[in-house]
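Just entry-v2.pdb here, PDB, C-alpha atoms:
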```
ATOM      1  CA  MET A 912      -6.582 -14.500  -0.655
ATOM      2  CA  VAL A 913      -8.067 -12.578   2.232
ATOM      3  CA  LYS A 914     -10.318 -15.245   3.687
ATOM      4  CA  GLU A 915     -12.477 -12.953   5.812
ATOM      5  CA  THR A 916     -13.952 -11.212   2.780
ATOM      6  CA  GLY A 917     -13.269 -13.411  -0.200
ATOM      7  CA  LEU A 918     -11.281 -10.621  -1.832
ATOM      8  CA  GLU A 919      -8.198 -11.789  -3.667
ATOM      9  CA  VAL A 920      -5.020  -9.731  -3.380
ATOM     10  CA  VAL A 921      -2.701 -10.328  -6.346
ATOM     11  CA  GLN A 922       0.881  -9.200  -5.760
ATOM     12  CA  ILE A 923       2.685  -8.240  -8.984
ATOM     13  CA  PRO A 924       6.460  -7.641  -9.202
ATOM     14  CA  ALA A 925       6.806  -4.255 -10.859
ATOM     15  CA  GLY A 926      10.213  -3.247 -12.110
ATOM     16  CA  GLU A 927      13.859  -2.780 -11.323
ATOM     17  CA  MET A 928      13.284  -0.996  -7.989
ATOM     18  CA  LYS A 929      11.657  -4.128  -6.541
ATOM     19  CA  ASN A 930       8.251  -2.460  -6.427
ATOM     20  CA  PHE A 931       5.039  -4.387  -5.974
ATOM     21  CA  ALA A 932       1.853  -3.446  -7.803
ATOM     22  CA  TYR A 933      -1.401  -4.937  -6.552
ATOM     23  CA  LEU A 934      -4.686  -6.035  -8.057
ATOM     24  CA  ILE A 935      -7.509  -6.550  -5.546
ATOM     25  CA  CYS A 936     -10.386  -8.573  -6.986
ATOM     26  CA  CYS A 937     -13.922  -9.299  -5.824
ATOM     27  CA  PRO A 938     -14.871 -12.701  -7.306
ATOM     28  CA  ASN A 939     -18.548 -12.144  -6.499
ATOM     29  CA  THR A 940     -18.925  -9.024  -8.640
ATOM     30  CA  GLY A 941     -15.985  -9.244 -11.031
ATOM     31  CA  ASP A 942     -14.864  -5.755  -9.977
ATOM     32  CA  ALA A 943     -11.286  -4.911  -9.068
ATOM     33  CA  LEU A 944      -9.017  -2.079  -8.076
ATOM     34  CA  ALA A 945      -5.299  -1.567  -8.610
ATOM     35  CA  VAL A 946      -2.784  -0.172  -6.147
ATOM     36  CA  ASP A 947       0.457   1.536  -7.224
ATOM     37  CA  PRO A 948       0.855   0.327 -10.853
ATOM     38  CA  SER A 949       4.486   1.435 -10.645
ATOM     39  CA  PHE A 950       6.634   0.076 -13.482
ATOM     40  CA  GLY A 951       4.343  -2.943 -13.799
ATOM     41  CA  ALA A 952       1.471  -1.513 -15.856
ATOM     42  CA  ALA A 953       1.744  -4.171 -18.565
ATOM     43  CA  ALA A 954       1.835  -7.026 -16.055
ATOM     44  CA  LEU A 955      -1.071  -5.540 -14.112
ATOM     45  CA  LEU A 956      -3.176  -5.120 -17.258
ATOM     46  CA  ALA A 957      -2.370  -8.698 -18.240
ATOM     47  CA  GLU A 958      -3.782  -9.867 -14.894
ATOM     48  CA  VAL A 959      -6.912  -7.750 -15.430
ATOM     49  CA  GLU A 960      -7.414  -9.398 -18.812
ATOM     50  CA  ARG A 961      -6.593 -12.908 -17.627
ATOM     51  CA  ARG A 962      -9.017 -12.682 -14.717
ATOM     52  CA  GLU A 963     -11.643 -10.887 -16.800
ATOM     53  CA  VAL A 964     -12.295  -8.315 -14.081
ATOM     54  CA  ASN A 965     -13.641  -4.787 -14.373
ATOM     55  CA  LEU A 966     -10.986  -2.412 -13.045
ATOM     56  CA  LYS A 967     -12.903   0.380 -11.323
ATOM     57  CA  MET A 968     -10.146   2.359  -9.650
ATOM     58  CA  VAL A 969      -6.398   2.907  -9.390
ATOM     59  CA  LEU A 970      -5.204   3.919  -5.902
ATOM     60  CA  ASN A 971      -1.809   5.361  -5.056
ATOM     61  CA  THR A 972      -0.361   4.935  -1.592
ATOM     62  CA  HIS A 973       1.788   8.055  -2.043
ATOM     63  CA  GLY A 974       3.258  10.428  -4.579
ATOM     64  CA  HIS A 975       6.698   9.062  -5.403
ATOM     65  CA  ASN A 976       7.237   8.411  -9.098
ATOM     66  CA  ASP A 977       8.186   4.760  -8.715
ATOM     67  CA  HIS A 978       4.618   4.153  -7.501
ATOM     68  CA  LEU A 979       2.864   6.504  -9.940
ATOM     69  CA  ALA A 980       4.766   5.532 -13.089
ATOM     70  CA  GLY A 981       2.141   3.151 -14.485
ATOM     71  CA  ASN A 982      -0.922   5.236 -13.666
ATOM     72  CA  GLN A 983      -1.619   6.730 -17.062
ATOM     73  CA  ALA A 984      -1.175   3.493 -18.994
ATOM     74  CA  VAL A 985      -3.601   1.655 -16.713
ATOM     75  CA  LEU A 986      -6.130   4.488 -16.624
ATOM     76  CA  ALA A 987      -6.072   4.865 -20.408
ATOM     77  CA  ALA A 988      -6.518   1.130 -20.986
ATOM     78  CA  THR A 989      -9.356   0.636 -18.515
ATOM     79  CA  GLY A 990     -11.201   3.915 -17.941
ATOM     80  CA  ALA A 991     -10.679   3.478 -14.198
ATOM     81  CA  ARG A 992     -10.800   6.429 -11.795
ATOM     82  CA  LEU A 993      -7.702   7.597  -9.933
ATOM     83  CA  ALA A 994      -7.662   7.871  -6.128
ATOM     84  CA  ALA A 995      -4.904   9.329  -3.937
ATOM     85  CA  HIS A 996      -4.279  11.663  -1.031
ATOM     86  CA  PRO A 997      -4.291  15.318  -2.185
ATOM     87  CA  GLN A 998      -0.636  15.708  -1.156
ATOM     88  CA  ALA A 999       0.219  12.760  -3.393
ATOM     89  CA  VAL A1000      -1.828  13.409  -6.543
ATOM     90  CA  ALA A1001      -3.765  16.652  -6.227
ATOM     91  CA  GLU A1002      -5.725  16.084  -9.449
ATOM     92  CA  ALA A1003      -6.983  12.590  -8.519
ATOM     93  CA  ASP A1004     -10.648  11.860  -9.219
ATOM     94  CA  LEU A1005     -11.169  10.710  -5.621
ATOM     95  CA  LEU A1006      -9.150  12.364  -2.869
ATOM     96  CA  LEU A1007      -8.310   9.987  -0.035
ATOM     97  CA  ASP A1008      -7.800  10.844   3.616
ATOM     98  CA  GLU A1009      -8.103   9.266   7.039
ATOM     99  CA  GLY A1010     -11.340   7.322   7.253
ATOM    100  CA  THR A1011     -12.223   7.357   3.561
ATOM    101  CA  ILE A1012     -14.044   4.156   2.647
ATOM    102  CA  VAL A1013     -13.561   2.579  -0.773
ATOM    103  CA  THR A1014     -16.068  -0.182  -1.487
ATOM    104  CA  LEU A1015     -15.191  -3.209  -3.588
ATOM    105  CA  GLY A1016     -18.133  -5.558  -3.990
ATOM    106  CA  ASP A1017     -19.671  -5.763  -0.537
ATOM    107  CA  THR A1018     -16.376  -5.073   1.242
ATOM    108  CA  ALA A1019     -15.290  -1.766   2.745
ATOM    109  CA  ILE A1020     -11.622  -0.868   2.343
ATOM    110  CA  GLU A1021     -10.587   1.732   4.902
ATOM    111  CA  VAL A1022      -8.000   4.395   4.170
ATOM    112  CA  LEU A1023      -5.449   5.090   6.921
ATOM    113  CA  TYR A1024      -3.475   8.334   6.738
ATOM    114  CA  THR A1025       0.112   7.305   7.509
ATOM    115  CA  PRO A1026       2.515  10.195   6.836
ATOM    116  CA  GLY A1027       6.227  10.019   7.466
ATOM    117  CA  HIS A1028       7.846   8.570   4.376
ATOM    118  CA  HIS A1029       5.760  10.969   2.267
ATOM    119  CA  PRO A1030       3.362  13.707   3.453
ATOM    120  CA  GLY A1031       0.530  12.222   1.378
ATOM    121  CA  HIS A1032       1.012   8.582   2.309
ATOM    122  CA  VAL A1033      -1.944   6.292   2.976
ATOM    123  CA  CYS A1034      -2.255   2.606   3.800
ATOM    124  CA  LEU A1035      -5.257   0.456   2.910
ATOM    125  CA  HIS A1036      -7.007  -1.726   5.471
ATOM    126  CA  LEU A1037      -9.235  -4.484   4.239
ATOM    127  CA  PRO A1038     -10.451  -7.101   6.716
ATOM    128  CA  GLY A1039      -7.476  -9.324   7.475
ATOM    129  CA  ALA A1040      -4.868  -7.343   5.569
ATOM    130  CA  LEU A1041      -2.949  -4.100   5.214
ATOM    131  CA  LEU A1042      -1.403  -2.701   2.046
ATOM    132  CA  THR A1043       1.381  -0.663   3.593
ATOM    133  CA  GLY A1044       3.060   1.064   0.641
ATOM    134  CA  ASP A1045       6.405   2.500   1.700
ATOM    135  CA  THR A1046       5.514   2.895   5.367
ATOM    136  CA  LEU A1047       6.156  -0.709   6.419
ATOM    137  CA  PHE A1048       8.186  -3.339   4.560
ATOM    138  CA  VAL A1049       8.973  -6.888   5.599
ATOM    139  CA  THR A1050      11.574  -6.397   8.390
ATOM    140  CA  ARG A1051      12.200  -2.811   7.232
ATOM    141  CA  VAL A1052      10.454   0.572   7.008
ATOM    142  CA  GLY A1053      10.397   3.455   4.579
ATOM    143  CA  ARG A1054      13.067   6.118   4.291
ATOM    144  CA  ALA A1055      12.575   9.304   6.259
ATOM    145  CA  ASP A1056      15.342  11.436   4.748
ATOM    146  CA  LEU A1057      13.578  12.466   1.534
ATOM    147  CA  ALA A1058      11.948  15.789   0.670
ATOM    148  CA  GLY A1059       8.717  15.968   2.658
ATOM    149  CA  SER A1060       9.650  13.093   4.955
ATOM    150  CA  ASP A1061       9.015  13.346   8.691
ATOM    151  CA  PRO A1062      10.725  10.674  10.803
ATOM    152  CA  ALA A1063       8.638  11.371  13.907
ATOM    153  CA  ALA A1064       5.443  11.050  11.875
ATOM    154  CA  LEU A1065       6.765   7.795  10.414
ATOM    155  CA  TYR A1066       7.308   6.446  13.924
ATOM    156  CA  HIS A1067       3.730   7.222  14.927
ATOM    157  CA  SER A1068       2.347   5.741  11.696
ATOM    158  CA  LEU A1069       4.296   2.548  12.340
ATOM    159  CA  ARG A1070       3.071   2.321  15.933
ATOM    160  CA  ARG A1071      -0.453   2.532  14.599
ATOM    161  CA  LEU A1072       0.112  -0.324  12.153
ATOM    162  CA  ALA A1073       1.809  -2.390  14.852
ATOM    163  CA  ASP A1074      -1.398  -2.247  16.906
ATOM    164  CA  PHE A1075      -3.351  -4.269  14.349
ATOM    165  CA  PRO A1076      -4.067  -7.916  15.207
ATOM    166  CA  GLY A1077      -1.033 -10.140  14.841
ATOM    167  CA  GLU A1078      -2.584 -12.286  12.111
ATOM    168  CA  THR A1079      -3.134  -9.256   9.856
ATOM    169  CA  LEU A1080      -1.350  -9.808   6.540
ATOM    170  CA  VAL A1081       1.177  -7.180   5.445
ATOM    171  CA  TYR A1082       1.478  -6.479   1.713
ATOM    172  CA  PRO A1083       4.382  -4.018   1.279
ATOM    173  CA  GLY A1084       5.203  -1.629  -1.543
ATOM    174  CA  HIS A1085       8.632  -3.148  -2.242
ATOM    175  CA  ASP A1086      10.219  -6.580  -2.090
ATOM    176  CA  TYR A1087      12.896  -5.568   0.387
ATOM    177  CA  GLY A1088      12.621  -8.361   2.943
ATOM    178  CA  PRO A1089      13.244 -12.101   3.278
ATOM    179  CA  GLN A1090       9.722 -12.874   2.002
ATOM    180  CA  PRO A1091       7.180 -10.964  -0.098
ATOM    181  CA  VAL A1092       4.261 -11.038   2.383
ATOM    182  CA  SER A1093       4.330 -10.876   6.166
ATOM    183  CA  THR A1094       2.060 -10.468   9.177
ATOM    184  CA  ILE A1095       1.933  -7.855  11.890
ATOM    185  CA  ALA A1096       3.014 -10.515  14.421
ATOM    186  CA  TYR A1097       6.057 -11.359  12.289
ATOM    187  CA  GLU A1098       6.965  -7.676  12.040
ATOM    188  CA  ARG A1099       6.607  -7.118  15.770
ATOM    189  CA  GLN A1100       9.090  -9.931  16.306
ATOM    190  CA  HIS A1101      11.515  -9.450  13.412
ATOM    191  CA  ASN A1102      11.382  -5.783  12.376
ATOM    192  CA  PRO A1103      13.934  -3.804  14.415
ATOM    193  CA  PHE A1104      12.116  -0.542  13.745
ATOM    194  CA  LEU A1105       8.914  -1.869  15.295
ATOM    195  CA  ARG A1106      10.887  -3.089  18.296
ATOM    196  CA  CYS A1107      12.045   0.422  19.209
ATOM    197  CA  GLU A1108      10.667   1.285  22.632
ATOM    198  CA  ASP A1109      10.284   5.016  22.044
ATOM    199  CA  LEU A1110      10.646   7.771  19.471
ATOM    200  CA  GLU A1111      14.226   8.565  20.462
ATOM    201  CA  SER A1112      15.443   5.031  19.867
ATOM    202  CA  PHE A1113      13.564   4.905  16.558
ATOM    203  CA  LEU A1114      15.190   8.149  15.392
ATOM    204  CA  ARG A1115      18.639   6.839  16.284
ATOM    205  CA  LEU A1116      18.009   3.645  14.289
ATOM    206  CA  ARG A1117      16.259   5.208  11.295
ATOM    207  CA  MET A1118      18.297   8.385  10.972
ATOM    208  CA  GLY A1119      21.622   7.316  12.506
TER     209      GLY A1119
END
```

Hey, can you dump this file as C-alpha coordinates for me?
Amino acid sequence: MVKETGLEVVQIPAGEMKNFAYLICCPNTGDALAVDPSFGAAALLAEVERREVNLKMVLNTHGHNDHLAGNQAVLAATGARLAAHPQAVAEADLLLDEGTIVTLGDTAIEVLYTPGHHPGHVCLHLPGALLTGDTLFVTRVGRADLAGSDPAALYHSLRRLADFPGETLVYPGHDYGPQPVSTIAYERQHNPFLRCEDLESFLRLRMG
(Lines of atoms letter the chains of each structure in order from A and count residues from 1; the text may use other names and numbers.)
(Lines give C-alpha, C1' and ligand atoms only; values in the text may rest on other atoms or scores of the structure.)
Protein backbone atom coordinates (compact mmCIF):
# COMPACT_ATOMS: atom_id res chain seq x y z
CA MET A 1 0.00 0.00 0.00
CA VAL A 2 1.28 3.44 -0.87
CA LYS A 3 -0.04 5.38 2.09
CA GLU A 4 0.35 8.86 0.61
CA THR A 5 -2.26 8.22 -2.07
CA GLY A 6 -4.25 5.21 -0.98
CA LEU A 7 -3.20 3.35 -4.13
CA GLU A 8 -2.46 -0.31 -3.59
CA VAL A 9 0.51 -1.85 -5.38
CA VAL A 10 0.10 -5.62 -5.77
CA GLN A 11 3.33 -7.45 -6.58
CA ILE A 12 2.76 -10.68 -8.53
CA PRO A 13 5.48 -13.31 -9.11
CA ALA A 14 5.48 -13.91 -12.85
CA GLY A 15 7.36 -16.89 -14.16
CA GLU A 16 10.60 -18.78 -14.27
CA MET A 17 12.80 -15.70 -14.85
CA LYS A 18 11.81 -14.30 -11.44
CA ASN A 19 9.84 -11.48 -13.03
CA PHE A 20 7.35 -9.38 -11.12
CA ALA A 21 4.10 -8.19 -12.67
CA TYR A 22 2.21 -5.42 -10.90
CA LEU A 23 -1.39 -4.42 -10.42
CA ILE A 24 -1.91 -0.86 -9.14
CA CYS A 25 -5.41 -0.31 -7.76
CA CYS A 26 -7.38 2.77 -6.75
CA PRO A 27 -9.85 1.64 -4.06
CA ASN A 28 -11.83 4.87 -4.37
CA THR A 29 -12.74 4.39 -8.03
CA GLY A 30 -12.24 0.67 -8.58
CA ASP A 31 -9.89 1.41 -11.49
CA ALA A 32 -6.52 -0.26 -11.93
CA LEU A 33 -3.56 -0.51 -14.23
CA ALA A 34 -1.11 -3.34 -14.83
CA VAL A 35 2.64 -3.09 -15.28
CA ASP A 36 4.69 -5.69 -17.19
CA PRO A 37 2.32 -8.71 -17.26
CA SER A 38 5.33 -10.84 -18.17
CA PHE A 39 4.70 -14.58 -17.81
CA GLY A 40 2.11 -13.90 -15.11
CA ALA A 41 -0.94 -12.97 -17.19
CA ALA A 42 -3.16 -15.62 -15.58
CA ALA A 43 -2.15 -14.63 -12.05
CA LEU A 44 -2.62 -10.94 -12.85
CA LEU A 45 -6.08 -11.53 -14.33
CA ALA A 46 -7.01 -13.58 -11.28
CA GLU A 47 -6.13 -10.59 -9.08
CA VAL A 48 -8.21 -8.29 -11.31
CA GLU A 49 -11.18 -10.62 -10.89
CA ARG A 50 -10.67 -11.19 -7.17
CA ARG A 51 -10.46 -7.47 -6.45
CA GLU A 52 -13.27 -6.66 -8.89
CA VAL A 53 -11.34 -3.76 -10.41
CA ASN A 54 -11.64 -2.21 -13.86
CA LEU A 55 -8.29 -2.61 -15.61
CA LYS A 56 -7.87 0.54 -17.69
CA MET A 57 -4.31 0.22 -18.95
CA VAL A 58 -1.31 -2.08 -19.32
CA LEU A 59 2.06 -0.30 -19.09
CA ASN A 60 5.40 -1.76 -20.11
CA THR A 61 8.60 -0.50 -18.52
CA HIS A 62 10.61 -1.58 -21.58
CA GLY A 63 10.59 -3.79 -24.64
CA HIS A 64 12.19 -7.05 -23.57
CA ASN A 65 10.02 -10.10 -24.18
CA ASP A 66 10.06 -11.33 -20.60
CA HIS A 67 8.14 -8.17 -19.68
CA LEU A 68 5.86 -8.07 -22.74
CA ALA A 69 4.94 -11.76 -22.85
CA GLY A 70 1.57 -11.43 -21.11
CA ASN A 71 0.41 -8.27 -22.85
CA GLN A 72 -1.94 -9.75 -25.41
CA ALA A 73 -3.67 -12.12 -23.00
CA VAL A 74 -4.38 -9.31 -20.54
CA LEU A 75 -5.45 -6.84 -23.22
CA ALA A 76 -7.78 -9.37 -24.84
CA ALA A 77 -9.38 -10.31 -21.52
CA THR A 78 -9.94 -6.77 -20.28
CA GLY A 79 -10.09 -4.34 -23.21
CA ALA A 80 -7.38 -2.25 -21.54
CA ARG A 81 -5.19 0.14 -23.52
CA LEU A 82 -1.46 -0.47 -23.94
CA ALA A 83 1.11 2.16 -22.93
CA ALA A 84 4.87 2.07 -23.52
CA HIS A 85 7.78 4.15 -24.74
CA PRO A 86 7.91 4.21 -28.57
CA GLN A 87 11.31 2.46 -28.53
CA ALA A 88 9.75 -0.33 -26.49
CA VAL A 89 6.38 -0.91 -28.19
CA ALA A 90 5.98 1.40 -31.17
CA GLU A 91 2.34 0.43 -31.75
CA ALA A 92 1.19 1.14 -28.16
CA ASP A 93 -2.08 3.04 -27.77
CA LEU A 94 -0.39 5.59 -25.49
CA LEU A 95 3.25 6.44 -26.10
CA LEU A 96 5.13 7.25 -22.90
CA ASP A 97 8.08 9.58 -22.47
CA GLU A 98 9.70 11.76 -19.85
CA GLY A 99 7.04 13.71 -18.00
CA THR A 100 4.01 11.81 -19.28
CA ILE A 101 1.33 11.72 -16.60
CA VAL A 102 -0.93 8.69 -16.25
CA THR A 103 -3.87 9.31 -13.93
CA LEU A 104 -5.35 6.58 -11.76
CA GLY A 105 -8.30 7.81 -9.73
CA ASP A 106 -7.21 11.18 -8.41
CA THR A 107 -3.51 10.26 -8.41
CA ALA A 108 -0.95 11.29 -11.01
CA ILE A 109 1.65 8.68 -11.93
CA GLU A 110 4.69 10.30 -13.50
CA VAL A 111 6.72 8.61 -16.22
CA LEU A 112 10.52 8.87 -15.91
CA TYR A 113 12.61 8.12 -18.99
CA THR A 114 15.44 5.92 -17.71
CA PRO A 115 17.43 4.45 -20.62
CA GLY A 116 20.47 2.26 -20.18
CA HIS A 117 19.27 -1.30 -19.82
CA HIS A 118 16.98 -0.74 -22.82
CA PRO A 119 16.69 2.37 -25.04
CA GLY A 120 12.95 2.58 -24.38
CA HIS A 121 13.01 2.04 -20.63
CA VAL A 122 10.76 4.03 -18.30
CA CYS A 123 10.18 3.96 -14.56
CA LEU A 124 6.92 4.94 -12.88
CA HIS A 125 6.79 7.40 -10.00
CA LEU A 126 3.72 7.48 -7.85
CA PRO A 127 3.82 9.41 -4.57
CA GLY A 128 5.91 7.35 -2.17
CA ALA A 129 7.03 4.69 -4.63
CA LEU A 130 8.97 3.86 -7.78
CA LEU A 131 8.36 0.95 -10.13
CA THR A 132 11.86 0.54 -11.49
CA GLY A 133 11.57 -2.24 -14.07
CA ASP A 134 15.01 -3.52 -15.02
CA THR A 135 16.85 -0.31 -14.18
CA LEU A 136 17.12 -0.86 -10.42
CA PHE A 137 16.73 -4.15 -8.53
CA VAL A 138 17.11 -4.80 -4.83
CA THR A 139 20.91 -4.59 -4.31
CA ARG A 140 21.48 -4.99 -8.07
CA VAL A 141 20.91 -3.16 -11.36
CA GLY A 142 19.99 -4.11 -14.89
CA ARG A 143 22.37 -5.55 -17.45
CA ALA A 144 24.07 -3.13 -19.80
CA ASP A 145 25.60 -5.60 -22.27
CA LEU A 146 22.49 -6.32 -24.35
CA ALA A 147 21.56 -5.02 -27.79
CA GLY A 148 20.58 -1.38 -27.35
CA SER A 149 22.04 -1.12 -23.86
CA ASP A 150 24.08 1.92 -22.86
CA PRO A 151 26.03 1.56 -19.61
CA ALA A 152 26.72 5.29 -19.26
CA ALA A 153 23.02 6.05 -19.69
CA LEU A 154 22.23 3.39 -17.09
CA TYR A 155 24.58 5.09 -14.63
CA HIS A 156 22.85 8.44 -15.09
CA SER A 157 19.39 6.86 -14.80
CA LEU A 158 20.43 5.21 -11.54
CA ARG A 159 21.84 8.46 -10.15
CA ARG A 160 18.48 10.05 -10.85
CA LEU A 161 16.60 7.33 -8.97
CA ALA A 162 19.08 7.52 -6.09
CA ASP A 163 18.14 11.18 -5.59
CA PHE A 164 14.58 10.33 -4.57
CA PRO A 165 13.74 10.57 -0.86
CA GLY A 166 15.14 7.71 1.16
CA GLU A 167 11.72 6.43 2.25
CA THR A 168 10.60 5.97 -1.37
CA LEU A 169 9.59 2.34 -1.93
CA VAL A 170 11.33 0.45 -4.73
CA TYR A 171 9.29 -2.15 -6.63
CA PRO A 172 11.69 -3.89 -9.05
CA GLY A 173 11.03 -5.84 -12.23
CA HIS A 174 12.67 -9.05 -10.98
CA ASP A 175 13.07 -10.83 -7.67
CA TYR A 176 16.86 -10.77 -7.75
CA GLY A 177 17.64 -9.48 -4.27
CA PRO A 178 17.40 -10.55 -0.62
CA GLN A 179 13.85 -9.15 -0.38
CA PRO A 180 11.12 -8.37 -2.92
CA VAL A 181 10.62 -4.67 -2.07
CA SER A 182 13.17 -2.10 -0.95
CA THR A 183 13.59 1.62 -0.37
CA ILE A 184 15.91 4.16 -1.93
CA ALA A 185 17.68 4.52 1.44
CA TYR A 186 18.28 0.76 1.58
CA GLU A 187 19.67 0.80 -1.96
CA ARG A 188 21.97 3.72 -1.25
CA GLN A 189 23.42 1.72 1.62
CA HIS A 190 23.40 -1.83 0.24
CA ASN A 191 23.52 -1.60 -3.56
CA PRO A 192 27.16 -1.53 -4.70
CA PHE A 193 26.22 0.03 -8.03
CA LEU A 194 24.60 3.00 -6.31
CA ARG A 195 27.68 3.40 -4.13
CA CYS A 196 29.96 4.02 -7.11
CA GLU A 197 31.41 7.51 -6.81
CA ASP A 198 31.66 8.23 -10.52
CA LEU A 199 30.91 6.86 -13.97
CA GLU A 200 34.32 5.23 -14.33
CA SER A 201 33.95 3.17 -11.18
CA PHE A 202 30.42 2.19 -12.20
CA LEU A 203 31.62 1.01 -15.62
CA ARG A 204 34.36 -1.08 -14.03
CA LEU A 205 31.83 -2.74 -11.70
CA ARG A 206 29.00 -3.20 -14.20
CA MET A 207 31.03 -4.11 -17.27
CA GLY A 208 34.16 -5.62 -15.69

field: Shell around A:Val1081 at 10 Å using all atoms listed in the file, local window under 6 positions removed, as a ChimeraX atom specification
entry: /A:1036,1039-1044,1047-1049,1072,1091-1098

For those residues, write C-alpha atoms to a file as a short mmCIF file (atom, residue, chain, number, x, y, z; two decimals), in the coordinates of the input.
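For reference, result_21.cif as written:
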```cif
data_model
loop_
_atom_site.label_atom_id
_atom_site.label_comp_id
_atom_site.auth_asym_id
_atom_site.auth_seq_id
_atom_site.Cartn_x
_atom_site.Cartn_y
_atom_site.Cartn_z
CA HIS A 1036 -7.01 -1.73 5.47
CA GLY A 1039 -7.48 -9.32 7.48
CA ALA A 1040 -4.87 -7.34 5.57
CA LEU A 1041 -2.95 -4.10 5.21
CA LEU A 1042 -1.40 -2.70 2.05
CA THR A 1043 1.38 -0.66 3.59
CA GLY A 1044 3.06 1.06 0.64
CA LEU A 1047 6.16 -0.71 6.42
CA PHE A 1048 8.19 -3.34 4.56
CA VAL A 1049 8.97 -6.89 5.60
CA LEU A 1072 0.11 -0.32 12.15
CA PRO A 1091 7.18 -10.96 -0.10
CA VAL A 1092 4.26 -11.04 2.38
CA SER A 1093 4.33 -10.88 6.17
CA THR A 1094 2.06 -10.47 9.18
CA ILE A 1095 1.93 -7.86 11.89
CA ALA A 1096 3.01 -10.52 14.42
CA TYR A 1097 6.06 -11.36 12.29
CA GLU A 1098 6.96 -7.68 12.04
#
```

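Atom to atom, atom CA of A:Phe931 and atom CA of A:His978 stand 8.7 Å apart.
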
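Atom CA of A:Ala1019 sits 23.6 Å away from atom CA of A:Leu956.
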
query: Which residue, A:Leu1057, A:Thr989, A:Thr1050, A:Ala1063, has the smallest gap to A:Gly1088 when you use all atoms listed in the file?
result: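 Between A:Leu1057, A:Thr989, A:Thr1050, A:Ala1063, the residue approaching A:Gly1088 most closely is A:Thr1050.
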
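Between A:Val1033 and the residues A:Ser1060, A:Gln998, A:Thr972, A:Thr1079, the shortest atom-to-atom distance, using all atoms listed in the file, involves A:Thr972.
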